[in-house]
Each structure stands twice: as C-alpha cells, then as structure tokens.
file data.csv (CSV, C-alpha atoms)
chain,number,residue,atom,x,y,z
N,1,MET,CA,91.0,137.5,108.4
N,2,LEU,CA,93.3,137.8,111.3
N,3,THR,CA,94.2,141.1,112.9
N,4,LYS,CA,97.8,141.8,114.1
N,5,HIS,CA,96.6,141.5,117.7
N,6,GLU,CA,95.0,138.1,117.0
N,7,LYS,CA,98.2,136.8,115.3
N,8,GLU,CA,100.2,137.8,118.4
N,9,LEU,CA,97.7,136.1,120.7
N,10,ILE,CA,97.8,132.9,118.6
N,11,ALA,CA,101.6,132.9,118.5
N,12,LYS,CA,101.8,133.4,122.3
N,13,ILE,CA,99.4,130.6,123.1
N,14,TRP,CA,101.2,128.1,120.8
N,15,ASP,CA,104.6,129.1,122.2
N,16,LYS,CA,103.5,127.9,125.6
N,17,MET,CA,102.4,124.6,124.1
N,18,ILE,CA,105.8,123.7,122.6
N,19,PRO,CA,107.4,122.4,125.8
N,20,VAL,CA,104.4,120.1,126.4
N,21,ALA,CA,103.7,119.3,122.7
N,22,SER,CA,103.6,115.5,123.3
N,23,ASP,CA,101.0,115.8,126.1
N,24,ILE,CA,98.9,118.3,124.3
N,25,GLY,CA,99.1,116.5,121.0
N,26,ALA,CA,98.2,113.2,122.4
N,27,GLU,CA,95.3,114.7,124.3
N,28,CYS,CA,93.9,116.3,121.1
N,29,LEU,CA,94.1,113.1,119.2
N,30,LEU,CA,92.6,111.0,122.0
N,31,ARG,CA,89.7,113.5,122.3
N,32,MET,CA,89.1,113.4,118.6
N,33,MET,CA,89.1,109.6,118.3
N,34,THR,CA,86.9,109.2,121.4
N,35,THR,CA,84.3,111.8,120.3
N,36,PHE,CA,84.4,111.0,116.6
N,37,PRO,CA,85.2,107.2,116.3
N,38,GLY,CA,85.3,107.4,112.4
N,39,THR,CA,88.6,109.2,112.7
N,40,LYS,CA,90.2,106.0,114.2
N,41,THR,CA,90.1,104.5,110.7
N,42,TYR,CA,93.2,106.6,109.8
N,43,PHE,CA,95.3,105.1,112.7
N,44,ALA,CA,95.0,101.3,112.1
N,45,HIS,CA,98.8,101.3,111.9
N,46,LEU,CA,99.4,102.8,115.3
N,47,ASP,CA,98.7,102.0,119.0
N,48,ILE,CA,96.1,104.6,119.9
N,49,ARG,CA,95.5,103.6,123.5
N,50,PRO,CA,95.6,106.5,126.0
N,51,GLY,CA,99.2,107.2,126.9
N,52,SER,CA,100.7,105.2,124.1
N,53,PRO,CA,104.1,106.4,122.7
N,54,HIS,CA,102.7,106.4,119.2
N,55,LEU,CA,99.9,108.8,120.2
N,56,ARG,CA,102.4,111.1,122.0
N,57,SER,CA,104.9,111.2,119.1
N,58,HIS,CA,102.2,111.7,116.5
N,59,GLY,CA,100.5,114.3,118.6
N,60,LYS,CA,103.8,116.1,119.1
N,61,LYS,CA,104.4,116.3,115.3
N,62,ILE,CA,101.0,117.9,114.8
N,63,VAL,CA,101.4,120.4,117.7
N,64,LEU,CA,104.9,121.4,116.6
N,65,ALA,CA,103.7,122.0,113.0
N,66,ILE,CA,100.9,124.2,114.2
N,67,ALA,CA,103.1,126.1,116.6
N,68,GLU,CA,105.9,126.6,114.0
N,69,CYS,CA,103.4,128.0,111.5
N,70,SER,CA,101.9,130.4,114.2
N,71,LYS,CA,105.2,132.2,114.4
N,72,ASP,CA,104.7,133.6,110.9
N,73,ILE,CA,101.1,133.2,109.9
N,74,SER,CA,101.4,135.3,106.7
N,75,SER,CA,103.9,132.8,105.3
N,76,MET,CA,101.6,129.8,105.9
N,77,MET,CA,101.4,128.7,102.2
N,78,VAL,CA,105.2,128.5,102.1
N,79,THR,CA,105.7,126.9,105.5
N,80,LEU,CA,103.1,124.3,104.9
N,81,ALA,CA,104.0,123.3,101.3
N,82,PRO,CA,105.7,120.0,102.2
N,83,LEU,CA,102.8,119.1,104.5
N,84,GLN,CA,100.3,119.9,101.8
N,85,THR,CA,102.0,117.4,99.5
N,86,LEU,CA,102.1,114.8,102.2
N,87,HIS,CA,98.4,115.1,103.0
N,88,ALA,CA,97.3,115.3,99.3
N,89,TYR,CA,99.3,112.4,97.9
N,90,LYS,CA,100.3,110.1,100.7
N,91,LEU,CA,97.9,110.5,103.7
N,92,ARG,CA,94.8,111.5,101.8
N,93,ILE,CA,92.8,112.2,104.9
N,94,ASP,CA,89.3,113.4,104.0
N,95,PRO,CA,89.4,117.1,104.8
N,96,CYS,CA,86.2,117.0,106.8
N,97,ASN,CA,88.3,115.4,109.5
N,98,PHE,CA,90.5,118.5,109.8
N,99,LYS,CA,87.4,120.3,111.3
N,100,LEU,CA,87.0,117.5,113.9
N,101,LEU,CA,90.6,117.7,115.0
N,102,CYS,CA,90.5,121.5,115.1
N,103,HIS,CA,87.5,121.4,117.4
N,104,CYS,CA,89.3,118.9,119.7
N,105,ILE,CA,92.3,121.2,119.7
N,106,LEU,CA,90.1,124.1,120.9
N,107,VAL,CA,88.6,121.8,123.6
N,108,THR,CA,92.1,120.8,124.8
N,109,LEU,CA,93.2,124.5,124.9
N,110,ALA,CA,90.0,125.4,126.8
N,111,ALA,CA,90.5,122.6,129.3
N,112,HIS,CA,94.1,123.7,129.9
N,113,MET,CA,93.7,127.4,129.9
N,114,GLY,CA,90.3,127.8,131.6
N,115,ASP,CA,89.0,131.4,131.6
N,116,GLU,CA,92.1,132.6,129.8
N,117,PHE,CA,90.6,130.9,126.7
N,118,ASN,CA,88.1,133.7,126.4
N,119,PRO,CA,85.8,134.2,123.4
N,120,VAL,CA,88.3,136.6,121.7
N,121,ALA,CA,91.1,134.0,122.0
N,122,HIS,CA,88.7,131.2,120.9
N,123,ALA,CA,87.6,133.2,117.8
N,124,ALA,CA,91.2,134.0,116.8
N,125,MET,CA,92.3,130.4,117.3
N,126,ASP,CA,89.3,129.0,115.4
N,127,LYS,CA,90.1,131.3,112.5
N,128,TYR,CA,93.8,130.3,112.5
N,129,LEU,CA,93.1,126.6,112.7
N,130,SER,CA,90.4,126.8,109.9
N,131,ALA,CA,92.9,128.6,107.7
N,132,PHE,CA,95.6,126.0,108.5
N,133,ALA,CA,93.2,123.2,107.6
N,134,ALA,CA,92.2,124.9,104.3
N,135,VAL,CA,95.8,125.3,103.3
N,136,LEU,CA,96.6,121.7,104.1
N,137,ALA,CA,93.8,120.6,101.8
N,138,GLU,CA,94.8,122.9,99.0
N,139,LYS,CA,96.7,120.4,96.9
N,140,TYR,CA,94.1,117.7,97.1
N,141,ARG,CA,92.6,118.6,93.7
G,1,MET,CA,66.2,104.9,120.0
G,2,VAL,CA,69.6,106.1,121.4
G,3,GLN,CA,71.5,103.6,123.5
G,4,TRP,CA,73.1,105.2,126.5
G,5,THR,CA,75.8,103.4,128.5
G,6,ASP,CA,75.7,103.8,132.3
G,7,PHE,CA,78.8,105.9,132.1
G,8,GLU,CA,77.2,108.3,129.6
G,9,ARG,CA,74.0,108.7,131.7
G,10,GLN,CA,76.0,109.3,134.8
G,11,THR,CA,78.3,111.7,133.1
G,12,ILE,CA,75.4,113.8,131.6
G,13,GLN,CA,73.5,113.9,134.9
G,14,SER,CA,76.6,114.8,136.8
G,15,ILE,CA,77.7,117.6,134.5
G,16,PHE,CA,74.3,119.2,134.4
G,17,GLY,CA,73.6,118.5,138.1
G,18,LYS,CA,76.7,120.6,139.1
G,19,MET,CA,76.3,123.2,136.4
G,20,ASP,CA,75.5,126.9,137.2
G,21,TYR,CA,73.1,127.5,134.3
G,22,ASP,CA,73.0,131.2,134.9
G,23,ASP,CA,76.7,131.3,134.3
G,24,VAL,CA,77.2,128.7,131.6
G,25,GLY,CA,74.1,129.7,129.5
G,26,PRO,CA,75.2,133.3,129.0
G,27,ALA,CA,78.8,132.3,128.5
G,28,ALA,CA,78.0,129.8,125.8
G,29,LEU,CA,75.6,132.1,123.8
G,30,SER,CA,77.9,135.1,124.0
G,31,ARG,CA,80.8,133.0,122.9
G,32,CYS,CA,78.8,131.8,119.9
G,33,LEU,CA,78.0,135.4,118.9
G,34,VAL,CA,81.6,136.3,119.2
G,35,VAL,CA,83.2,133.3,117.5
G,36,TYR,CA,80.6,132.9,114.8
G,37,PRO,CA,79.5,136.5,114.2
G,38,TRP,CA,77.0,135.6,111.5
G,39,THR,CA,74.8,134.1,114.2
G,40,GLN,CA,74.0,137.6,115.3
G,41,ARG,CA,71.6,137.7,112.4
G,42,TYR,CA,68.9,136.2,114.7
G,43,PHE,CA,69.3,138.9,117.4
G,44,GLY,CA,68.7,142.1,115.6
G,45,ASN,CA,66.6,143.5,118.4
G,46,PHE,CA,69.2,142.7,121.2
G,47,GLY,CA,70.8,146.1,121.0
G,48,ASN,CA,74.6,146.5,121.1
G,49,LEU,CA,76.4,143.5,119.7
G,50,TYR,CA,79.2,145.7,118.3
G,51,ASN,CA,82.2,143.9,119.8
G,52,ALA,CA,83.1,141.1,122.1
G,53,ALA,CA,82.9,143.3,125.3
G,54,ALA,CA,79.5,144.6,124.3
G,55,ILE,CA,78.2,141.1,123.6
G,56,GLN,CA,79.5,139.7,126.8
G,57,GLY,CA,78.0,142.6,128.8
G,58,ASN,CA,74.6,142.6,126.9
G,59,PRO,CA,71.7,141.7,129.4
G,60,LYS,CA,69.5,140.4,126.6
G,61,VAL,CA,72.2,138.0,125.5
G,62,ALA,CA,72.6,136.9,129.1
G,63,ALA,CA,68.9,136.4,129.6
G,64,HIS,CA,68.5,134.4,126.4
G,65,GLY,CA,71.5,132.3,127.2
G,66,LYS,CA,69.8,131.3,130.5
G,67,THR,CA,66.6,130.4,128.6
G,68,VAL,CA,68.5,128.2,126.1
G,69,LEU,CA,70.4,126.3,128.8
G,70,HIS,CA,67.3,125.8,130.9
G,71,GLY,CA,65.7,124.4,127.8
G,72,LEU,CA,68.5,121.8,127.6
G,73,VAL,CA,67.5,120.5,131.0
G,74,ARG,CA,64.4,118.9,129.5
G,75,ALA,CA,66.6,116.7,127.4
G,76,VAL,CA,68.7,115.8,130.4
G,77,LYS,CA,65.6,114.7,132.2
G,78,ASN,CA,64.3,112.7,129.2
G,79,MET,CA,67.4,111.2,127.8
G,80,ASP,CA,65.5,108.2,126.4
G,81,ASP,CA,63.2,110.3,124.2
G,82,ILE,CA,64.8,113.5,123.4
G,83,LYS,CA,63.3,113.4,119.9
G,84,THR,CA,59.7,113.7,121.2
G,85,THR,CA,60.7,116.1,124.0
G,86,TYR,CA,62.0,118.5,121.4
G,87,ALA,CA,59.4,118.0,118.7
G,88,GLU,CA,57.6,121.3,119.5
G,89,LEU,CA,60.8,123.3,120.0
G,90,SER,CA,62.0,122.0,116.6
G,91,VAL,CA,58.8,123.3,114.9
G,92,LEU,CA,59.2,126.6,116.7
G,93,HIS,CA,62.8,127.0,115.5
G,94,SER,CA,61.9,126.0,112.0
G,95,GLU,CA,58.6,127.7,111.3
G,96,LYS,CA,58.6,130.7,113.6
G,97,LEU,CA,62.3,131.6,114.4
G,98,ARG,CA,63.6,130.3,111.1
G,99,VAL,CA,67.0,129.4,112.5
G,100,ASP,CA,69.4,127.6,110.2
G,101,PRO,CA,69.8,124.2,111.9
G,102,ASP,CA,73.6,124.3,111.5
G,103,ASN,CA,73.6,127.0,114.2
G,104,PHE,CA,72.5,124.4,116.8
G,105,ARG,CA,75.8,122.6,116.1
G,106,LEU,CA,77.8,125.9,116.4
G,107,LEU,CA,76.2,126.7,119.8
G,108,ALA,CA,76.7,123.1,120.9
G,109,ASP,CA,80.4,123.4,120.1
G,110,CYS,CA,80.7,126.6,122.1
G,111,LEU,CA,78.9,125.0,125.0
G,112,THR,CA,81.4,122.1,124.9
G,113,ILE,CA,84.3,124.6,125.1
G,114,VAL,CA,82.7,126.5,128.0
G,115,VAL,CA,82.2,123.3,129.9
G,116,ALA,CA,85.8,122.2,129.1
G,117,ALA,CA,87.1,125.5,130.4
G,118,ARG,CA,85.1,125.2,133.6
G,119,MET,CA,85.9,121.5,134.2
G,120,GLY,CA,89.6,121.6,133.2
G,121,ALA,CA,91.3,118.2,133.5
G,122,ASP,CA,88.0,116.6,134.7
G,123,PHE,CA,86.7,117.0,131.2
G,124,THR,CA,88.5,113.9,130.0
G,125,ALA,CA,88.3,112.5,126.5
G,126,ASP,CA,85.6,110.0,127.7
G,127,VAL,CA,83.6,112.7,129.4
G,128,GLN,CA,83.9,114.8,126.2
G,129,GLY,CA,82.7,111.8,124.1
G,130,ALA,CA,79.6,111.4,126.3
G,131,PHE,CA,78.8,115.1,126.4
G,132,GLN,CA,79.2,115.5,122.7
G,133,LYS,CA,77.0,112.4,122.0
G,134,PHE,CA,74.3,114.0,124.1
G,135,LEU,CA,74.6,117.3,122.3
G,136,ALA,CA,74.6,115.6,118.9
G,137,VAL,CA,71.2,113.9,119.8
G,138,VAL,CA,69.9,117.3,121.0
G,139,VAL,CA,71.0,119.0,117.8
G,140,SER,CA,69.6,116.3,115.6
G,141,SER,CA,66.2,116.4,117.5
G,142,LEU,CA,66.0,120.1,117.1
G,143,GLY,CA,66.6,119.8,113.4
G,144,ARG,CA,64.0,117.1,112.8
G,145,GLN,CA,60.9,119.1,112.1
G,146,TYR,CA,62.5,121.2,109.4
G,147,HIS,CA,60.8,120.5,106.0

call {"tool": "encode", "arguments": {"input": "data.csv", "output": "structure tokens"}}
result
Amino acid sequence: MLTKHEKELIAKIWDKMIPVASDIGAECLLRMMTTFPGTKTYFAHLDIRPGSPHLRSHGKKIVLAIAECSKDISSMMVTLAPLQTLHAYKLRIDPCNFKLLCHCILVTLAAHMGDEFNPVAHAAMDKYLSAFAAVLAEKYR
Amino acid sequence: MVQWTDFERQTIQSIFGKMDYDDVGPAALSRCLVVYPWTQRYFGNFGNLYNAAAIQGNPKVAAHGKTVLHGLVRAVKNMDDIKTTYAELSVLHSEKLRVDPDNFRLLADCLTIVVAARMGADFTADVQGAFQKFLAVVVSSLGRQYH
C-alpha cells in the first residue's frame, strides 16, 4: 500500500537515477552477484566483470524499466505486461532472486544518497520494489 | 567452520573499528521498526511507536539499538566461532523473547543499509559481500537454538 506522498517520493528518486542509469544499474548487479554468488548463474552469457559494457547496458535496462514504471505506479500491471511475459516464458529467473536484487538496489541507493535515504524513503522504496517484483512474477504460473 | 579470507577479516574489523555504535545501533533498529512495522510486535512496552518520527525519537528504541549493536561486537571479536559465542543468546531469543528468527535477517538488512549510507562509495560491492557474509553467519548462529 503506497500513499500519494510515497509515490511522489519514489518517482522523484528514480527520476534522478535516469541520467546515471548505466552506473547505478551496473552497481546494483555487481553488488548482487558479489553478495549472492548464486545469482551469477543467470549471466553465463555475459561478461560480468566490474566495469564491463555488458553489465552497464544490462543494468541500464533494469534501472530504466524501474524508473519508467515509477512515473505511474498505479498502471504497473499494464506497463510491465511485456516484461512479465519475458520473465515468465523466456528468462525464467527464479523469483526468489528478485528479492536479492531489490535489496542490492536499496543498498546502492543508500550508498549514493546517504542520510537522504532515510527510513521513510527506504520503506516506500522497499514497498515499491516488492510490488514491482511481485508483478514481474505474475505470469510464471 | 566458516572460512574467512584476509580481506573479509580486515573488512569486518575495519568497519566495526570505525563505527559509532551509539549512532548506528539506534539508526538500524529504528529503521527496522519503520520499514518492517510488524517487528514492532516485540516492543509493546516501548511507548510511542506511532509513526516514523516517534520511532526515531523514542529513547527506549535508541537504548535497545545500542544494546543490540554492542552485542554484535562479540561476534566481531570471535569470528572463528560465532556459533558458540551466540549459543546462549540464541536460546534467549528462542525460549524467552520468542522472536521469529526471520527478524534477525530483517534487522541485518537494515544494518547493511545504514552502514552503506554512512560509508557511501567506500561500501563497495566487495565490502558489502564481506559484511553480508558476516551478518549471515550471525543470523544463522542466532537461529540455531530454535527447536
């Protein structure tokens, strides 16, 4: 359940991430693969060394999708429909991994925003990312 | 037994050596109570936990946050046998306090985010990996005596 204030806060934060989407995205992925090595199994086809162009371009896709969705959170089911299909039928990433990436996104935001990523912002962001992950997994079965 | 690399040992000692426990402890606990409000169930006698501002200003939350973080120091000093170090604390949390062990993970996640916010760019992916490995061992040890 997100309040109007929380939705605005979330949109504002992601808006700032759009110009640095490759940096932020690559960092989130690197954090996830370092802390949770099991997640590396999904990237056997990419060069996942720190700074690699694959990591940056893949990270950018993820950040831009999350940012785009944050502009109109109530329409999440519609906006994410193509990504739902992709994840369910093609990528088939075990949904438990969404939680791991979400956590690393929160850590990345905290490292970049410092005190500005206060408990209220953290709570709002955690709720948004959890909802995003749940919608992504909707078509799995 | 947990195998620690030199990098992991140094990272943990360095982070906790430089940490202001009286700042980070209260910040982590209050963040946990705000982000995961169901954790408030264990703090019925703490007074006003009505909203984020009340929680962050609550002196009992602050005091307990300090207690918890000082408790972590014992693991920092005994990295090679955290399991034994925390055996009694695990029994306490299971039999007396009756805390759902999943909450240890929630608090660990909040602590990670507080440390990330304090350290900024110095909290690199490798440092995060070491820190979370340490917390995972702590969380597992605290959950071991639940039967």

call {"tool": "closest_residue", "arguments": {"input": "data.csv", "among": "N:Ala123, N:Leu129, N:Ile73, N:Cys102", "to": "chain G", "atoms": "all atoms listed in the file"}}
result
N:Ala123

call {"tool": "residues_around", "arguments": {"input": "data.csv", "residues": "Ala121 of chain N", "least_positions_apart": "4", "cutoff": "9 Å", "atoms": "all atoms listed in the file", "output": "number ranges by chain"}}
result
N: 6, 9-10, 116-117, 125-126

call {"tool": "residues_around", "arguments": {"input": "data.csv", "residues": "Gly47 of chain G", "least_positions_apart": "2", "cutoff": "10 Å", "atoms": "all atoms listed in the file", "output": "number ranges by chain"}}
result
G: 43-45, 49-50, 54-55, 58-61

call {"tool": "closest_residue", "arguments": {"input": "data.csv", "among": "N:His54, N:Lys71, N:His112, N:Arg92", "to": "chain G", "atoms": "all atoms listed in the file"}}
result
N:His112

call {"tool": "closest_residue", "arguments": {"input": "data.csv", "among": "N:Arg56, N:His5, N:His122, N:His87", "to": "Ala28 of chain G", "atoms": "all atoms listed in the file"}}
result
N:His122

call {"tool": "atom_distance", "arguments": {"input": "data.csv", "atom1": "atom CA of Leu29 of chain G", "atom2": "atom CA of Thr67 of chain G"}}
result
10.3 Å

call {"tool": "axis_aligned_box", "arguments": {"input": "data.csv", "around": "segment 137-142 of chain G", "padding_each_side": "5 Å", "output": "AutoDock Vina command-line options"}}
result
--center_x 68.6 --center_y 117.0 --center_z 118.3 --size_x 15.2 --size_y 16.2 --size_z 15.4

call {"tool": "atom_distance", "arguments": {"input": "data.csv", "atom1": "atom CA of Ile105 of chain N", "atom2": "atom CA of Ser52 of chain N"}}
result
18.6 Å

call {"tool": "residues_near_point", "arguments": {"input": "data.csv", "point": "(79.9, 135.3, 118.7)", "cutoff": "10 Å", "atoms": "all atoms listed in the file", "output": "NGL selection string"}}
result
(:N and (119-120 or 122-123)) or (:G and (28-40 or 49 or 51-52 or 55-56 or 106-107 or 110))

call {"tool": "closest_atom_pairs", "arguments": {"input": "data.csv", "of": "chain N", "to": "chain G", "cutoff": "12 Å", "atoms": "all atoms listed in the file", "output": "JSON lines"}}
result
{"residue": "N:Ile24", "atom": "CA", "partner": "G:Ala121", "partner_atom": "CA", "distance": 11.9}
{"residue": "N:Ala26", "atom": "CA", "partner": "G:Ala125", "partner_atom": "CA", "distance": 10.7}
{"residue": "N:Glu27", "atom": "CA", "partner": "G:Ala125", "partner_atom": "CA", "distance": 7.7}
{"residue": "N:Cys28", "atom": "CA", "partner": "G:Ala125", "partner_atom": "CA", "distance": 8.7}
{"residue": "N:Leu29", "atom": "CA", "partner": "G:Ala125", "partner_atom": "CA", "distance": 9.3}
{"residue": "N:Leu30", "atom": "CA", "partner": "G:Ala125", "partner_atom": "CA", "distance": 6.4}
{"residue": "N:Arg31", "atom": "CA", "partner": "G:Ala125", "partner_atom": "CA", "distance": 4.5}
{"residue": "N:Met32", "atom": "CA", "partner": "G:Ala125", "partner_atom": "CA", "distance": 8.0}
{"residue": "N:Met33", "atom": "CA", "partner": "G:Ala125", "partner_atom": "CA", "distance": 8.7}
{"residue": "N:Thr34", "atom": "CA", "partner": "G:Gly129", "partner_atom": "CA", "distance": 5.6}
{"residue": "N:Thr35", "atom": "CA", "partner": "G:Gly129", "partner_atom": "CA", "distance": 4.1}
{"residue": "N:Phe36", "atom": "CA", "partner": "G:Gly129", "partner_atom": "CA", "distance": 7.7}
{"residue": "N:Pro37", "atom": "CA", "partner": "G:Gly129", "partner_atom": "CA", "distance": 9.4}
{"residue": "N:Arg49", "atom": "CA", "partner": "G:Ala125", "partner_atom": "CA", "distance": 11.8}
{"residue": "N:Pro50", "atom": "CA", "partner": "G:Ala125", "partner_atom": "CA", "distance": 9.5}
{"residue": "N:Lys99", "atom": "CA", "partner": "G:Asp109", "partner_atom": "CA", "distance": 11.7}
{"residue": "N:Leu100", "atom": "CA", "partner": "G:Asp109", "partner_atom": "CA", "distance": 10.8}
{"residue": "N:Cys102", "atom": "CA", "partner": "G:Asp109", "partner_atom": "CA", "distance": 11.4}
{"residue": "N:His103", "atom": "CA", "partner": "G:Asp109", "partner_atom": "CA", "distance": 7.9}
{"residue": "N:Cys104", "atom": "CA", "partner": "G:Ile113", "partner_atom": "CA", "distance": 9.3}
{"residue": "N:Ile105", "atom": "CA", "partner": "G:Ile113", "partner_atom": "CA", "distance": 10.2}
{"residue": "N:Leu106", "atom": "CA", "partner": "G:Ile113", "partner_atom": "CA", "distance": 7.2}
{"residue": "N:Val107", "atom": "CA", "partner": "G:Ile113", "partner_atom": "CA", "distance": 5.3}
{"residue": "N:Thr108", "atom": "CA", "partner": "G:Ala116", "partner_atom": "CA", "distance": 7.8}
{"residue": "N:Leu109", "atom": "CA", "partner": "G:Ala117", "partner_atom": "CA", "distance": 8.3}
{"residue": "N:Ala110", "atom": "CA", "partner": "G:Ala117", "partner_atom": "CA", "distance": 4.6}
{"residue": "N:Ala111", "atom": "CA", "partner": "G:Gly120", "partner_atom": "CA", "distance": 4.1}
{"residue": "N:His112", "atom": "CA", "partner": "G:Gly120", "partner_atom": "CA", "distance": 6.0}
{"residue": "N:Met113", "atom": "CA", "partner": "G:Ala117", "partner_atom": "CA", "distance": 6.9}
{"residue": "N:Gly114", "atom": "CA", "partner": "G:Ala117", "partner_atom": "CA", "distance": 4.1}
{"residue": "N:Asp115", "atom": "CA", "partner": "G:Ala117", "partner_atom": "CA", "distance": 6.3}
{"residue": "N:Glu116", "atom": "CA", "partner": "G:Ala117", "partner_atom": "CA", "distance": 8.7}
{"residue": "N:Phe117", "atom": "CA", "partner": "G:Ala117", "partner_atom": "CA", "distance": 7.4}
{"residue": "N:Asn118", "atom": "CA", "partner": "G:Arg31", "partner_atom": "CA", "distance": 8.1}
{"residue": "N:Pro119", "atom": "CA", "partner": "G:Arg31", "partner_atom": "CA", "distance": 5.2}
{"residue": "N:Val120", "atom": "CA", "partner": "G:Ala52", "partner_atom": "CA", "distance": 6.9}
{"residue": "N:Ala121", "atom": "CA", "partner": "G:Val35", "partner_atom": "CA", "distance": 9.1}
{"residue": "N:His122", "atom": "CA", "partner": "G:Val35", "partner_atom": "CA", "distance": 6.8}
{"residue": "N:Ala123", "atom": "CA", "partner": "G:Val35", "partner_atom": "CA", "distance": 4.4}
{"residue": "N:Ala124", "atom": "CA", "partner": "G:Val35", "partner_atom": "CA", "distance": 8.1}
{"residue": "N:Met125", "atom": "CA", "partner": "G:Val35", "partner_atom": "CA", "distance": 9.6}
{"residue": "N:Asp126", "atom": "CA", "partner": "G:Val35", "partner_atom": "CA", "distance": 7.8}
{"residue": "N:Lys127", "atom": "CA", "partner": "G:Val35", "partner_atom": "CA", "distance": 8.8}

call {"tool": "write_last_selection", "arguments": {"input": "data.csv", "atoms": "C-alpha atoms", "output": "PDB file, keeping the file's coordinate frame"}}
result
ATOM      1  CA  ILE N  24      98.900 118.300 124.300  1.00  0.00           C
ATOM      2  CA  ALA N  26      98.200 113.200 122.400  1.00  0.00           C
ATOM      3  CA  GLU N  27      95.300 114.700 124.300  1.00  0.00           C
ATOM      4  CA  CYS N  28      93.900 116.300 121.100  1.00  0.00           C
ATOM      5  CA  LEU N  29      94.100 113.100 119.200  1.00  0.00           C
ATOM      6  CA  LEU N  30      92.600 111.000 122.000  1.00  0.00           C
ATOM      7  CA  ARG N  31      89.700 113.500 122.300  1.00  0.00           C
ATOM      8  CA  MET N  32      89.100 113.400 118.600  1.00  0.00           C
ATOM      9  CA  MET N  33      89.100 109.600 118.300  1.00  0.00           C
ATOM     10  CA  THR N  34      86.900 109.200 121.400  1.00  0.00           C
ATOM     11  CA  THR N  35      84.300 111.800 120.300  1.00  0.00           C
ATOM     12  CA  PHE N  36      84.400 111.000 116.600  1.00  0.00           C
ATOM     13  CA  PRO N  37      85.200 107.200 116.300  1.00  0.00           C
ATOM     14  CA  ARG N  49      95.500 103.600 123.500  1.00  0.00           C
ATOM     15  CA  PRO N  50      95.600 106.500 126.000  1.00  0.00           C
ATOM     16  CA  LYS N  99      87.400 120.300 111.300  1.00  0.00           C
ATOM     17  CA  LEU N 100      87.000 117.500 113.900  1.00  0.00           C
ATOM     18  CA  CYS N 102      90.500 121.500 115.100  1.00  0.00           C
ATOM     19  CA  HIS N 103      87.500 121.400 117.400  1.00  0.00           C
ATOM     20  CA  CYS N 104      89.300 118.900 119.700  1.00  0.00           C
ATOM     21  CA  ILE N 105      92.300 121.200 119.700  1.00  0.00           C
ATOM     22  CA  LEU N 106      90.100 124.100 120.900  1.00  0.00           C
ATOM     23  CA  VAL N 107      88.600 121.800 123.600  1.00  0.00           C
ATOM     24  CA  THR N 108      92.100 120.800 124.800  1.00  0.00           C
ATOM     25  CA  LEU N 109      93.200 124.500 124.900  1.00  0.00           C
ATOM     26  CA  ALA N 110      90.000 125.400 126.800  1.00  0.00           C
ATOM     27  CA  ALA N 111      90.500 122.600 129.300  1.00  0.00           C
ATOM     28  CA  HIS N 112      94.100 123.700 129.900  1.00  0.00           C
ATOM     29  CA  MET N 113      93.700 127.400 129.900  1.00  0.00           C
ATOM     30  CA  GLY N 114      90.300 127.800 131.600  1.00  0.00           C
ATOM     31  CA  ASP N 115      89.000 131.400 131.600  1.00  0.00           C
ATOM     32  CA  GLU N 116      92.100 132.600 129.800  1.00  0.00           C
ATOM     33  CA  PHE N 117      90.600 130.900 126.700  1.00  0.00           C
ATOM     34  CA  ASN N 118      88.100 133.700 126.400  1.00  0.00           C
ATOM     35  CA  PRO N 119      85.800 134.200 123.400  1.00  0.00           C
ATOM     36  CA  VAL N 120      88.300 136.600 121.700  1.00  0.00           C
ATOM     37  CA  ALA N 121      91.100 134.000 122.000  1.00  0.00           C
ATOM     38  CA  HIS N 122      88.700 131.200 120.900  1.00  0.00           C
ATOM     39  CA  ALA N 123      87.600 133.200 117.800  1.00  0.00           C
ATOM     40  CA  ALA N 124      91.200 134.000 116.800  1.00  0.00           C
ATOM     41  CA  MET N 125      92.300 130.400 117.300  1.00  0.00           C
ATOM     42  CA  ASP N 126      89.300 129.000 115.400  1.00  0.00           C
ATOM     43  CA  LYS N 127      90.100 131.300 112.500  1.00  0.00           C
TER      44      LYS N 127
END

call {"tool": "residues_around", "arguments": {"input": "data.csv", "residues": "Gly143 of chain G", "least_positions_apart": "4", "cutoff": "9 Å", "atoms": "only C-alpha atoms", "output": "PyMOL selection string"}}
result
chain G and resi 90-91+93-94+100-102+104+138-139

call {"tool": "residues_around", "arguments": {"input": "data.csv", "residues": "Val135 of chain N", "least_positions_apart": "2", "cutoff": "8 Å", "atoms": "only C-alpha atoms", "output": "mmCIF file with C-alpha atoms, keeping the file's coordinate frame"}}
result
data_model
loop_
_atom_site.group_PDB
_atom_site.id
_atom_site.type_symbol
_atom_site.label_atom_id
_atom_site.label_comp_id
_atom_site.auth_asym_id
_atom_site.auth_seq_id
_atom_site.Cartn_x
_atom_site.Cartn_y
_atom_site.Cartn_z
ATOM 1 C CA MET N 76 101.600 129.800 105.900
ATOM 2 C CA MET N 77 101.400 128.700 102.200
ATOM 3 C CA LEU N 80 103.100 124.300 104.900
ATOM 4 C CA GLN N 84 100.300 119.900 101.800
ATOM 5 C CA ALA N 131 92.900 128.600 107.700
ATOM 6 C CA PHE N 132 95.600 126.000 108.500
ATOM 7 C CA ALA N 133 93.200 123.200 107.600
ATOM 8 C CA ALA N 137 93.800 120.600 101.800
ATOM 9 C CA GLU N 138 94.800 122.900 99.000
#

call {"tool": "closest_residue", "arguments": {"input": "data.csv", "among": "N:Ile48, N:Leu64, N:Leu86, N:Ala134", "to": "Trp14 of chain N", "atoms": "only C-alpha atoms"}}
result
N:Leu64

call {"tool": "atom_distance", "arguments": {"input": "data.csv", "atom1": "atom CA of Val63 of chain N", "atom2": "atom CA of Lys16 of chain N"}}
result
11.1 Å
